[in-house]
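Enquirer: The file below is my_file-v9.tsv, TSV, C-alpha atoms and all ligand atoms:
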```tsv
chain	number	residue	atom	x	y	z
A	1	MET	CA	75.28	104.59	-78.88
A	2	ASN	CA	78.72	105.59	-77.59
A	3	HIS	CA	77.29	105.98	-74.08
A	4	GLY	CA	76.80	102.21	-74.13
A	5	ALA	CA	79.94	101.21	-75.99
A	6	GLY	CA	82.27	100.34	-73.12
A	7	GLY	CA	84.83	103.10	-73.71
A	8	GLU	CA	85.68	106.32	-71.91
A	9	LEU	CA	82.40	108.05	-72.86
A	10	MET	CA	80.48	105.23	-71.23
A	11	GLN	CA	82.61	105.46	-68.06
A	12	GLU	CA	81.78	109.15	-67.84
A	13	PHE	CA	78.07	108.52	-68.52
A	14	LEU	CA	77.86	105.82	-65.83
A	15	GLY	CA	79.58	108.02	-63.24
A	16	LYS	CA	77.44	111.08	-63.94
A	17	HIS	CA	74.02	109.60	-64.63
A	18	ILE	CA	73.80	106.05	-63.26
A	19	THR	CA	75.94	105.27	-60.21
A	20	SER	CA	75.79	108.81	-58.83
A	21	HIS	CA	72.11	108.20	-57.94
A	22	PHE	CA	72.81	105.10	-55.85
A	23	PRO	CA	73.59	105.09	-52.12
A	24	LYS	CA	77.19	104.50	-51.10
A	25	MET	CA	77.41	101.07	-49.50
A	26	LYS	CA	80.28	99.24	-47.92
A	27	ALA	CA	81.47	96.24	-49.91
A	28	GLU	CA	84.87	94.66	-50.30
A	29	VAL	CA	84.70	95.29	-54.06
A	30	PRO	CA	81.98	97.98	-54.35
A	31	LEU	CA	80.03	99.37	-57.32
A	32	ASP	CA	82.38	102.35	-57.55
A	33	SER	CA	85.35	100.14	-58.35
A	34	MET	CA	83.57	99.24	-61.64
A	35	ASP	CA	85.20	95.84	-61.66
A	36	ASP	CA	83.97	92.72	-63.49
A	37	SER	CA	81.99	91.66	-60.41
A	38	ALA	CA	81.21	93.09	-56.99
A	39	VAL	CA	82.18	91.30	-53.81
A	40	VAL	CA	79.60	91.58	-51.02
A	41	ASP	CA	80.11	89.62	-47.80
A	42	ASP	CA	82.45	87.25	-49.65
A	43	VAL	CA	79.82	86.57	-52.35
A	44	VAL	CA	80.96	87.48	-55.87
A	45	PHE	CA	78.06	88.92	-57.85
A	46	THR	CA	77.65	90.20	-61.41
A	47	ILE	CA	75.08	90.90	-64.14
A	48	ASP	CA	75.34	91.34	-67.88
A	49	GLY	CA	72.87	92.42	-70.60
A	50	HIS	CA	72.93	90.82	-74.06
A	51	THR	CA	71.68	92.54	-77.20
A	52	VAL	CA	73.84	90.83	-79.85
A	53	LYS	CA	72.63	91.17	-83.43
A	54	PRO	CA	72.09	88.75	-85.10
A	55	LEU	CA	71.14	86.17	-82.46
A	56	PHE	CA	73.21	83.47	-84.24
A	57	PHE	CA	76.69	84.13	-85.65
A	58	PRO	CA	79.82	82.13	-86.61
A	59	GLY	CA	81.05	80.38	-83.46
A	60	GLY	CA	78.14	81.18	-81.17
A	61	ASP	CA	74.80	82.76	-80.37
A	62	ILE	CA	73.16	84.97	-77.73
A	63	GLY	CA	72.53	81.97	-75.44
A	64	LYS	CA	76.19	80.94	-75.40
A	65	ILE	CA	77.35	84.55	-74.89
A	66	SER	CA	74.95	85.06	-72.01
A	67	VAL	CA	76.37	82.13	-70.05
A	68	ALA	CA	80.03	82.55	-71.04
A	69	GLY	CA	80.17	86.31	-70.47
A	70	THR	CA	78.63	86.08	-67.02
A	71	VAL	CA	80.70	83.07	-65.94
A	72	ASN	CA	83.81	84.93	-67.09
A	73	ASP	CA	83.01	88.11	-65.16
A	74	VAL	CA	82.80	86.06	-61.93
A	75	SER	CA	85.84	83.89	-62.77
A	76	VAL	CA	88.22	86.80	-63.43
A	77	MET	CA	87.75	87.99	-59.84
A	78	GLY	CA	89.38	84.76	-58.67
A	79	ALA	CA	86.01	83.18	-57.92
A	80	THR	CA	84.17	79.99	-58.82
A	81	PRO	CA	80.75	80.69	-60.36
A	82	ILE	CA	78.11	78.53	-58.65
A	83	GLY	CA	74.77	79.64	-60.09
A	84	LEU	CA	73.28	81.67	-62.96
A	85	ALA	CA	70.05	83.64	-63.24
A	86	CYS	CA	68.61	84.68	-66.58
A	87	SER	CA	65.91	87.12	-67.60
A	88	VAL	CA	64.66	86.82	-71.18
A	89	ILE	CA	62.55	89.43	-72.96
A	90	ILE	CA	61.05	88.12	-76.19
A	91	GLU	CA	59.44	90.10	-79.00
A	92	GLU	CA	55.89	89.04	-79.84
A	93	GLY	CA	55.87	86.90	-83.00
A	94	LEU	CA	59.41	85.55	-82.64
A	95	ASP	CA	59.62	82.02	-84.06
A	96	ILE	CA	59.35	79.48	-81.21
A	97	ASP	CA	62.10	77.42	-82.87
A	98	ILE	CA	64.47	80.35	-82.34
A	99	VAL	CA	63.59	80.46	-78.65
A	100	ASP	CA	64.24	76.70	-78.38
A	101	LYS	CA	67.54	76.97	-80.20
A	102	VAL	CA	68.83	79.81	-78.00
A	103	MET	CA	67.76	78.10	-74.77
A	104	ASP	CA	69.27	74.79	-75.92
A	105	SER	CA	72.58	76.57	-76.51
A	106	MET	CA	72.36	78.23	-73.10
A	107	GLY	CA	71.69	74.89	-71.43
A	108	LYS	CA	74.56	73.16	-73.23
A	109	THR	CA	77.02	75.97	-72.42
A	110	ALA	CA	75.97	75.93	-68.76
A	111	ALA	CA	76.33	72.15	-68.60
A	112	GLY	CA	79.70	72.32	-70.36
A	113	CYS	CA	81.20	74.71	-67.81
A	114	GLY	CA	79.44	73.15	-64.84
A	115	VAL	CA	77.45	76.20	-63.71
A	116	PRO	CA	73.70	75.57	-63.32
A	117	ILE	CA	70.98	78.05	-64.32
A	118	VAL	CA	69.05	78.21	-61.06
A	119	THR	CA	66.49	80.97	-61.52
A	120	GLY	CA	65.04	83.23	-64.18
A	121	ASP	CA	62.24	85.32	-65.61
A	122	THR	CA	60.51	85.43	-69.01
A	123	LYS	CA	58.52	88.28	-70.54
A	124	VAL	CA	56.95	88.78	-73.95
A	125	VAL	CA	56.54	92.33	-75.27
A	126	GLU	CA	54.71	93.74	-78.26
A	127	ALA	CA	56.32	93.73	-81.70
A	128	GLY	CA	58.95	96.48	-81.97
A	129	ALA	CA	59.48	96.89	-78.23
A	130	VAL	CA	62.67	94.81	-78.47
A	131	ASP	CA	64.58	93.44	-81.46
A	132	GLN	CA	63.72	89.69	-81.37
A	133	MET	CA	65.17	88.87	-77.96
A	134	VAL	CA	67.26	90.51	-75.26
A	135	MET	CA	68.64	88.74	-72.23
A	136	SER	CA	70.12	89.68	-68.88
A	137	THR	CA	72.20	87.11	-67.07
A	138	SER	CA	73.47	87.28	-63.52
A	139	ALA	CA	75.77	85.00	-61.58
A	140	ILE	CA	77.02	84.46	-58.06
A	141	GLY	CA	80.33	82.91	-57.18
A	142	LYS	CA	82.38	82.02	-54.16
A	143	ARG	CA	86.08	82.46	-53.51
A	144	SER	CA	88.05	79.99	-55.62
A	145	GLN	CA	89.61	77.19	-53.58
A	146	TYR	CA	92.91	78.15	-55.30
A	147	LEU	CA	92.86	81.93	-54.72
A	148	ASP	CA	94.48	81.99	-51.26
A	149	SER	CA	97.42	79.85	-52.38
A	150	ASP	CA	97.64	81.86	-55.63
A	151	LEU	CA	97.97	85.17	-53.77
A	152	ALA	CA	100.31	83.58	-51.17
A	153	LYS	CA	102.59	82.59	-54.05
A	154	ALA	CA	102.51	86.18	-55.37
A	155	ALA	CA	103.28	87.43	-51.83
A	156	GLU	CA	106.56	85.48	-51.89
A	157	TYR	CA	107.77	88.07	-54.41
A	158	ARG	CA	106.04	91.33	-53.52
A	159	LYS	CA	103.54	92.89	-51.12
A	160	ILE	CA	99.92	91.93	-51.90
A	161	ASP	CA	97.23	94.26	-50.57
A	162	ASN	CA	94.04	92.90	-52.12
A	163	ARG	CA	92.13	89.66	-51.46
A	164	TRP	CA	90.72	89.47	-55.02
A	165	CYS	CA	92.06	89.72	-58.59
A	166	THR	CA	90.82	93.28	-59.12
A	167	ASP	CA	91.72	95.91	-61.72
A	168	SER	CA	93.55	97.93	-59.05
A	169	ASN	CA	95.95	95.13	-58.14
A	170	VAL	CA	98.65	95.43	-60.82
A	171	ARG	CA	102.09	96.76	-59.77
A	172	PRO	CA	105.19	97.86	-61.70
A	173	GLY	CA	107.09	94.81	-62.90
A	174	ASP	CA	104.04	92.51	-63.18
A	175	ALA	CA	103.81	90.56	-66.42
A	176	ILE	CA	100.74	91.01	-68.59
A	177	ILE	CA	99.39	87.85	-70.23
A	178	VAL	CA	96.62	87.51	-72.79
A	179	SER	CA	95.05	84.05	-73.03
A	180	GLY	CA	94.89	83.84	-76.85
A	181	TYR	CA	94.01	85.51	-80.16
A	182	VAL	CA	92.51	88.99	-79.83
A	183	GLY	CA	89.71	90.49	-81.94
A	184	ASP	CA	88.13	87.29	-83.26
A	185	HIS	CA	84.65	87.88	-81.87
A	186	GLY	CA	84.29	91.44	-83.16
A	187	VAL	CA	85.57	90.65	-86.65
A	188	ALA	CA	83.55	87.42	-86.98
A	189	LEU	CA	80.36	89.13	-85.93
A	190	LEU	CA	80.79	92.32	-87.92
A	191	SER	CA	81.83	90.41	-91.02
A	192	PHE	CA	78.86	88.04	-90.80
A	193	ARG	CA	76.38	90.84	-90.10
A	194	GLU	CA	77.61	93.14	-92.86
A	195	GLY	CA	78.47	90.37	-95.33
A	196	TYR	CA	82.22	91.03	-95.70
A	197	GLY	CA	83.16	87.34	-95.71
A	198	PHE	CA	86.05	87.26	-93.20
A	199	ASP	CA	83.78	85.12	-91.03
A	200	ALA	CA	84.70	82.15	-93.21
A	201	GLU	CA	88.18	82.31	-91.61
A	202	VAL	CA	87.42	83.89	-88.23
A	203	GLN	CA	84.91	82.53	-85.72
A	204	SER	CA	83.81	84.11	-82.48
A	205	ASP	CA	85.95	83.04	-79.52
A	206	VAL	CA	82.94	82.97	-77.16
A	207	ALA	CA	83.70	80.46	-74.38
A	208	PRO	CA	83.44	80.09	-70.61
A	209	LEU	CA	86.90	80.49	-69.03
A	210	ASN	CA	86.31	79.17	-65.50
A	211	GLY	CA	88.23	75.95	-66.20
A	212	MET	CA	91.22	77.73	-67.76
A	213	ILE	CA	91.37	80.31	-64.97
A	214	ALA	CA	91.32	77.61	-62.28
A	215	GLU	CA	94.41	76.06	-63.91
A	216	GLY	CA	96.20	79.42	-63.78
A	217	LEU	CA	95.28	80.01	-60.13
A	218	LYS	CA	96.57	76.54	-59.21
A	219	VAL	CA	100.04	77.59	-60.39
A	220	GLY	CA	99.92	80.83	-58.38
A	221	GLY	CA	101.20	84.38	-58.66
A	222	ILE	CA	98.16	85.83	-60.48
A	223	VAL	CA	97.13	89.21	-59.02
A	224	ALA	CA	94.62	90.64	-61.53
A	225	MET	CA	92.34	89.35	-64.30
A	226	LYS	CA	89.82	90.87	-66.69
A	227	ASP	CA	87.87	89.73	-69.75
A	228	PRO	CA	88.56	92.23	-72.57
A	229	THR	CA	84.99	92.50	-73.88
A	230	ARG	CA	83.63	95.87	-75.11
A	231	GLY	CA	86.50	98.22	-75.89
A	232	GLY	CA	88.83	95.25	-76.32
A	233	LEU	CA	92.38	94.82	-75.09
A	234	ALA	CA	93.07	98.57	-75.40
A	235	ASN	CA	90.30	99.38	-72.94
A	236	THR	CA	91.30	96.69	-70.44
A	237	LEU	CA	94.96	97.74	-70.36
A	238	ASN	CA	94.06	101.41	-69.96
A	239	GLU	CA	91.58	100.60	-67.17
A	240	TRP	CA	94.31	98.73	-65.31
A	241	CYS	CA	96.71	101.67	-65.73
A	242	SER	CA	94.27	104.18	-64.28
A	243	LYS	CA	92.91	101.94	-61.48
A	244	SER	CA	96.31	100.51	-60.48
A	245	HIS	CA	98.21	103.82	-61.02
A	246	ILE	CA	100.80	102.20	-63.25
A	247	GLY	CA	102.14	102.50	-66.77
A	248	MET	CA	102.56	99.64	-69.22
A	249	GLU	CA	104.87	98.62	-72.04
A	250	ILE	CA	103.27	96.20	-74.47
A	251	ASN	CA	105.02	94.56	-77.43
A	252	TYR	CA	102.71	94.60	-80.43
A	253	SER	CA	104.43	91.59	-82.01
A	254	ASP	CA	103.77	89.49	-78.88
A	255	ILE	CA	99.97	90.05	-79.03
A	256	PRO	CA	98.31	86.98	-80.59
A	257	LEU	CA	96.51	88.31	-83.68
A	258	ARG	CA	95.25	86.30	-86.64
A	259	ASP	CA	96.20	87.58	-90.10
A	260	ALA	CA	92.54	87.47	-91.11
A	261	VAL	CA	91.63	89.70	-88.14
A	262	VAL	CA	94.42	92.21	-88.89
A	263	ASN	CA	93.51	92.30	-92.60
A	264	GLY	CA	89.79	92.54	-91.89
A	265	CYS	CA	90.32	95.40	-89.43
A	266	ASP	CA	92.64	97.19	-91.90
A	267	LEU	CA	89.95	97.06	-94.55
A	268	LEU	CA	87.22	98.24	-92.17
A	269	GLY	CA	89.38	100.96	-90.62
A	270	ILE	CA	89.06	99.62	-87.07
A	271	ASP	CA	91.69	98.64	-84.51
A	272	PRO	CA	91.76	94.92	-83.55
A	273	LEU	CA	92.93	95.96	-80.07
A	274	SER	CA	89.75	98.01	-79.55
A	275	ILE	CA	87.11	95.44	-80.50
A	276	GLY	CA	85.40	93.02	-78.16
A	277	ASN	CA	86.42	89.49	-77.22
A	278	GLU	CA	84.11	86.95	-75.55
A	279	GLY	CA	86.50	84.14	-74.65
A	280	LYS	CA	89.72	85.79	-73.55
A	281	ALA	CA	91.28	86.86	-70.26
A	282	VAL	CA	93.99	89.42	-69.61
A	283	ILE	CA	96.01	88.30	-66.62
A	284	GLY	CA	98.44	90.26	-64.41
A	285	VAL	CA	100.99	88.05	-62.68
A	286	VAL	CA	104.17	88.56	-60.68
A	287	PRO	CA	107.00	88.24	-63.23
A	288	GLU	CA	108.66	85.31	-61.44
A	289	MET	CA	105.58	83.14	-62.07
A	290	ALA	CA	104.60	84.38	-65.53
A	291	GLU	CA	106.17	81.58	-67.60
A	292	GLU	CA	104.65	78.90	-65.36
A	293	VAL	CA	101.18	80.48	-65.60
A	294	VAL	CA	101.43	80.69	-69.42
A	295	LYS	CA	102.42	77.01	-69.55
A	296	ALA	CA	99.40	76.04	-67.45
A	297	LEU	CA	97.02	78.14	-69.57
A	298	ARG	CA	98.41	76.59	-72.76
A	299	ARG	CA	97.49	73.13	-71.49
A	300	THR	CA	93.80	74.13	-71.64
A	301	PRO	CA	91.78	74.37	-74.91
A	302	GLU	CA	90.80	78.03	-74.27
A	303	GLY	CA	94.35	79.10	-73.39
A	304	LYS	CA	96.44	77.24	-75.94
A	305	ASN	CA	97.69	80.48	-77.56
A	306	ALA	CA	98.37	82.36	-74.31
A	307	ALA	CA	101.33	84.75	-74.37
A	308	ILE	CA	103.14	87.34	-72.26
A	309	ILE	CA	102.56	90.63	-74.11
A	310	GLY	CA	104.37	93.10	-71.85
A	311	TYR	CA	104.95	94.44	-68.36
A	312	ALA	CA	103.56	97.02	-65.98
A	313	THR	CA	105.89	99.95	-65.30
A	314	GLU	CA	106.07	102.91	-62.94
A	315	GLY	CA	103.63	105.66	-64.10
A	316	PRO	CA	102.51	107.79	-65.94
A	317	GLU	CA	99.19	105.97	-66.28
A	318	ARG	CA	99.29	105.05	-69.95
A	319	VAL	CA	99.95	102.13	-72.26
A	320	ILE	CA	103.03	102.34	-74.49
A	321	LEU	CA	102.79	100.03	-77.50
A	322	LYS	CA	106.15	99.04	-78.95
A	323	THR	CA	105.55	98.51	-82.66
A	324	GLU	CA	107.08	95.86	-84.91
A	325	ILE	CA	109.51	98.33	-86.51
A	326	GLY	CA	110.82	99.55	-83.14
A	327	GLY	CA	108.59	102.62	-82.74
A	328	ARG	CA	106.62	103.54	-79.63
A	329	ARG	CA	103.12	104.92	-79.52
A	330	ILE	CA	100.48	105.48	-76.88
A	331	LEU	CA	97.66	102.94	-77.05
A	332	GLU	CA	94.56	104.92	-76.08
A	333	ALA	CA	91.32	103.51	-74.72
A	334	PRO	CA	88.68	103.74	-77.47
A	335	ALA	CA	86.15	106.55	-77.00
A	336	GLY	CA	83.41	104.13	-78.04
A	337	ASP	CA	83.18	100.66	-79.52
A	338	PRO	CA	83.49	100.82	-83.32
A	339	VAL	CA	81.23	97.76	-83.54
A	340	PRO	CA	77.88	98.13	-81.73
A	341	ARG	CA	75.68	95.23	-80.60
A	342	ILE	CA	78.29	92.51	-80.70
A	343	CYS	CA	77.50	91.23	-77.19
B	1	MG	MG	84.25	91.86	-67.70
```
Have the structure of the file written as structure tokens, please.
Ligand code: MG

Expert:
Amino acid sequence: MNHGAGGELMQEFLGKHITSHFPKMKAEVPLDSMDDSAVVDDVVFTIDGHTVKPLFFPGGDIGKISVAGTVNDVSVMGATPIGLACSVIIEEGLDIDIVDKVMDSMGKTAAGCGVPIVTGDTKVVEAGAVDQMVMSTSAIGKRSQYLDSDLAKAAEYRKIDNRWCTDSNVRPGDAIIVSGYVGDHGVALLSFREGYGFDAEVQSDVAPLNGMIAEGLKVGGIVAMKDPTRGGLANTLNEWCSKSHIGMEINYSDIPLRDAVVNGCDLLGIDPLSIGNEGKAVIGVVPEMAEEVVKALRRTPEGKNAAIIGYATEGPERVILKTEIGGRRILEAPAGDPVPRIC
């Protein structure tokens, strides 16, 4: 299970047993960069599998996740998603009403964020071959109309050497923004599934972020973006450190965290910074533009709790978390997700 959990064990597994078998191909953002999407001939391209259990949970369902997660992986590259593809594998005997409900949610989420579902595939397999329903959703996107002016704004303050908002594009001094409360999805889902009851206070944050991200790009100065899904904020920040060859100093008290999420995680013995989010973006921005970008994000419904949580520093490649009582500790990437099958 840890080989699929989004942490360091999964990175190692992918490198040794998956991508090592594939031919090396030239692409502007290739497979090896392990970014949110690839960029091939100026087309932004991604795919995502969805195995969330249960199919319906507080704040969302597998249909909403499948659209939002895929739209977000394209959007955080600095691209505009233009079309979705979805493959659905259904277990024999699954109630047709459930199929209708999931597809209705998918359709509404796609309509809400303005990205059409343009192609797909449906299979039914014998009972037990999958657990109710699994989905795979892919998307293509094109360069955002705001990305050139966004990067030009960043280039007024420092050298920019990448045409996209990739994980390798953060430099010492850049501000790190998170677009809102962290840990909601993981706690809501785990609580609902296991019957702990925190889900009465915490709902999944699952949401498409293409609209919010466009508002940030319009302001300018954004150089990197990522959706902190499996492995959470801790994994995203550590990935940026190793791919951008930087360090980071993050202020714990500046990270938006709900009391119910902190208390729930305390009780369950898990770290809210290591569990998955489905409607958040981490954004690297030149420091001169950080306040303006936060203001723009806060004007959108998905970004209304956006905050600057820290800054990139010169190496070593690690995340230093400054605690509320003035201590400093290293925030490690989780070895594996403590909460399986949440997306
Ligand atoms: Mg992603």

Enquirer: Given all atoms listed in the file, how would the per-residue table for chain A near ligand MG 1 (chain B) read, listing every residue at most 10 Å away with its closest atom pair and distance in Å to one decimal, sorted by chain and number, as a tab-separated table?

Expert:
```
residue	atom	partner	partner_atom	distance
A:Met34	CA	B:MG1	MG	9.6
A:Asp35	CA	B:MG1	MG	7.3
A:Asp36	CA	B:MG1	MG	4.3
A:Ser37	CA	B:MG1	MG	7.6
A:Thr46	CA	B:MG1	MG	9.3
A:Ile47	CA	B:MG1	MG	9.9
A:Asp48	CA	B:MG1	MG	8.9
A:Gly69	CA	B:MG1	MG	7.4
A:Thr70	CA	B:MG1	MG	8.1
A:Val71	CA	B:MG1	MG	9.6
A:Asn72	CA	B:MG1	MG	7.0
A:Asp73	CA	B:MG1	MG	4.7
A:Val74	CA	B:MG1	MG	8.3
A:Ser75	CA	B:MG1	MG	9.5
A:Val76	CA	B:MG1	MG	7.7
A:Met77	CA	B:MG1	MG	9.4
A:Met225	CA	B:MG1	MG	9.1
A:Lys226	CA	B:MG1	MG	5.7
A:Asp227	CA	B:MG1	MG	4.7
A:Pro228	CA	B:MG1	MG	6.5
A:Thr229	CA	B:MG1	MG	6.3
A:Arg230	CA	B:MG1	MG	8.4
A:Thr236	CA	B:MG1	MG	9.0
A:Glu278	CA	B:MG1	MG	9.3
A:Ala281	CA	B:MG1	MG	9.0
```

Enquirer: Let me make sure I understand: among A:Val134, A:Cys265, A:Ala85, A:Ile90, which one has the smallest atom-to-atom distance to Ile62 in chain A if we use only C-alpha atoms?

Expert: A:Val134

Enquirer: Please report the interatomic distance between CA of Ala154 in chain A and CA of Val282 in chain A in Å with one decimal.

Expert: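 For CA of Ala154 in chain A relative to CA of Val282 in chain A, the distance reads 16.9 Å.
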
Enquirer: As an exercise, work out the distance from CA of Lys153 in chain A to CA of Glu28 in chain A in Å and give it to one decimal place.

Expert: 21.8 Å

Enquirer: Using Å and a single decimal, report how far CA of Ala306 in chain A sits from CA of Gln203 in chain A.

Expert: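 These atoms are spaced 17.6 Å apart.
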
Enquirer: Would you kindly return, as number ranges by chain, each protein, DNA or RNA residue with an atom no farther than 10 Å from any atom of His245 in chain A, considering only C-alpha atoms and excluding same-chain residues fewer than 6 positions away?

Expert: A: 168-172, 239, 312-318

Enquirer: So, counting all atoms listed in the file, which residue among A:Ala110, A:Ile213, A:Glu302, A:Asn235 is closest to Met10 in chain A?

Expert: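 Checking each candidate against Met10 in chain A, we get A:Asn235 as the closest.
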
Enquirer: Using all atoms listed in the file, which residue out of A:Asp174, A:Asp199, A:Asp184, A:Glu332 lies closest to Glu8 in chain A?

Expert: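 Among the listed residues, A:Glu332 lies closest to Glu8 in chain A.
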
Enquirer: When distances are computed from only C-alpha atoms, which of A:Gly120, A:Gly231, A:Thr300, A:Cys241 shows the smallest separation from Gln11 in chain A?

Expert: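 Among the listed residues, the smallest separation from Gln11 in chain A belongs to A:Gly231.
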
Enquirer: So which residues are close to (92.4, 80.9, -62.3), meaning at most 6 Å away in the file's coordinates with all atoms listed in the file counted, and can you show them as an mmCIF file with C-alpha atoms, in the coordinates of the input?

Expert:
```
data_model
loop_
_atom_site.group_PDB
_atom_site.id
_atom_site.type_symbol
_atom_site.label_atom_id
_atom_site.label_comp_id
_atom_site.auth_asym_id
_atom_site.auth_seq_id
_atom_site.Cartn_x
_atom_site.Cartn_y
_atom_site.Cartn_z
ATOM 1 C CA ILE A 213 91.370 80.310 -64.970
ATOM 2 C CA ALA A 214 91.320 77.610 -62.280
ATOM 3 C CA GLU A 215 94.410 76.060 -63.910
ATOM 4 C CA GLY A 216 96.200 79.420 -63.780
ATOM 5 C CA LEU A 217 95.280 80.010 -60.130
#
```

Enquirer: Would you pick out the contacts of Pro58 in chain A at 8 Å or less, using only C-alpha atoms, so that residues sharing its chain but fewer than 2 positions from it are not included, and give the list as a PyMOL selection string?

Expert: chain A and resi 56+60+188-189+192+199+202-204

Enquirer: Go through A:Thr323, A:Ser253, A:Ser87, A:Ser149 one by one, measure the shortest atom-to-atom distance of each to Ile222 in chain A using only C-alpha atoms, and give the residue with the smallest value.

Expert: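 Nearest candidate to Ile222 in chain A out of A:Thr323, A:Ser253, A:Ser87, A:Ser149: A:Ser149.
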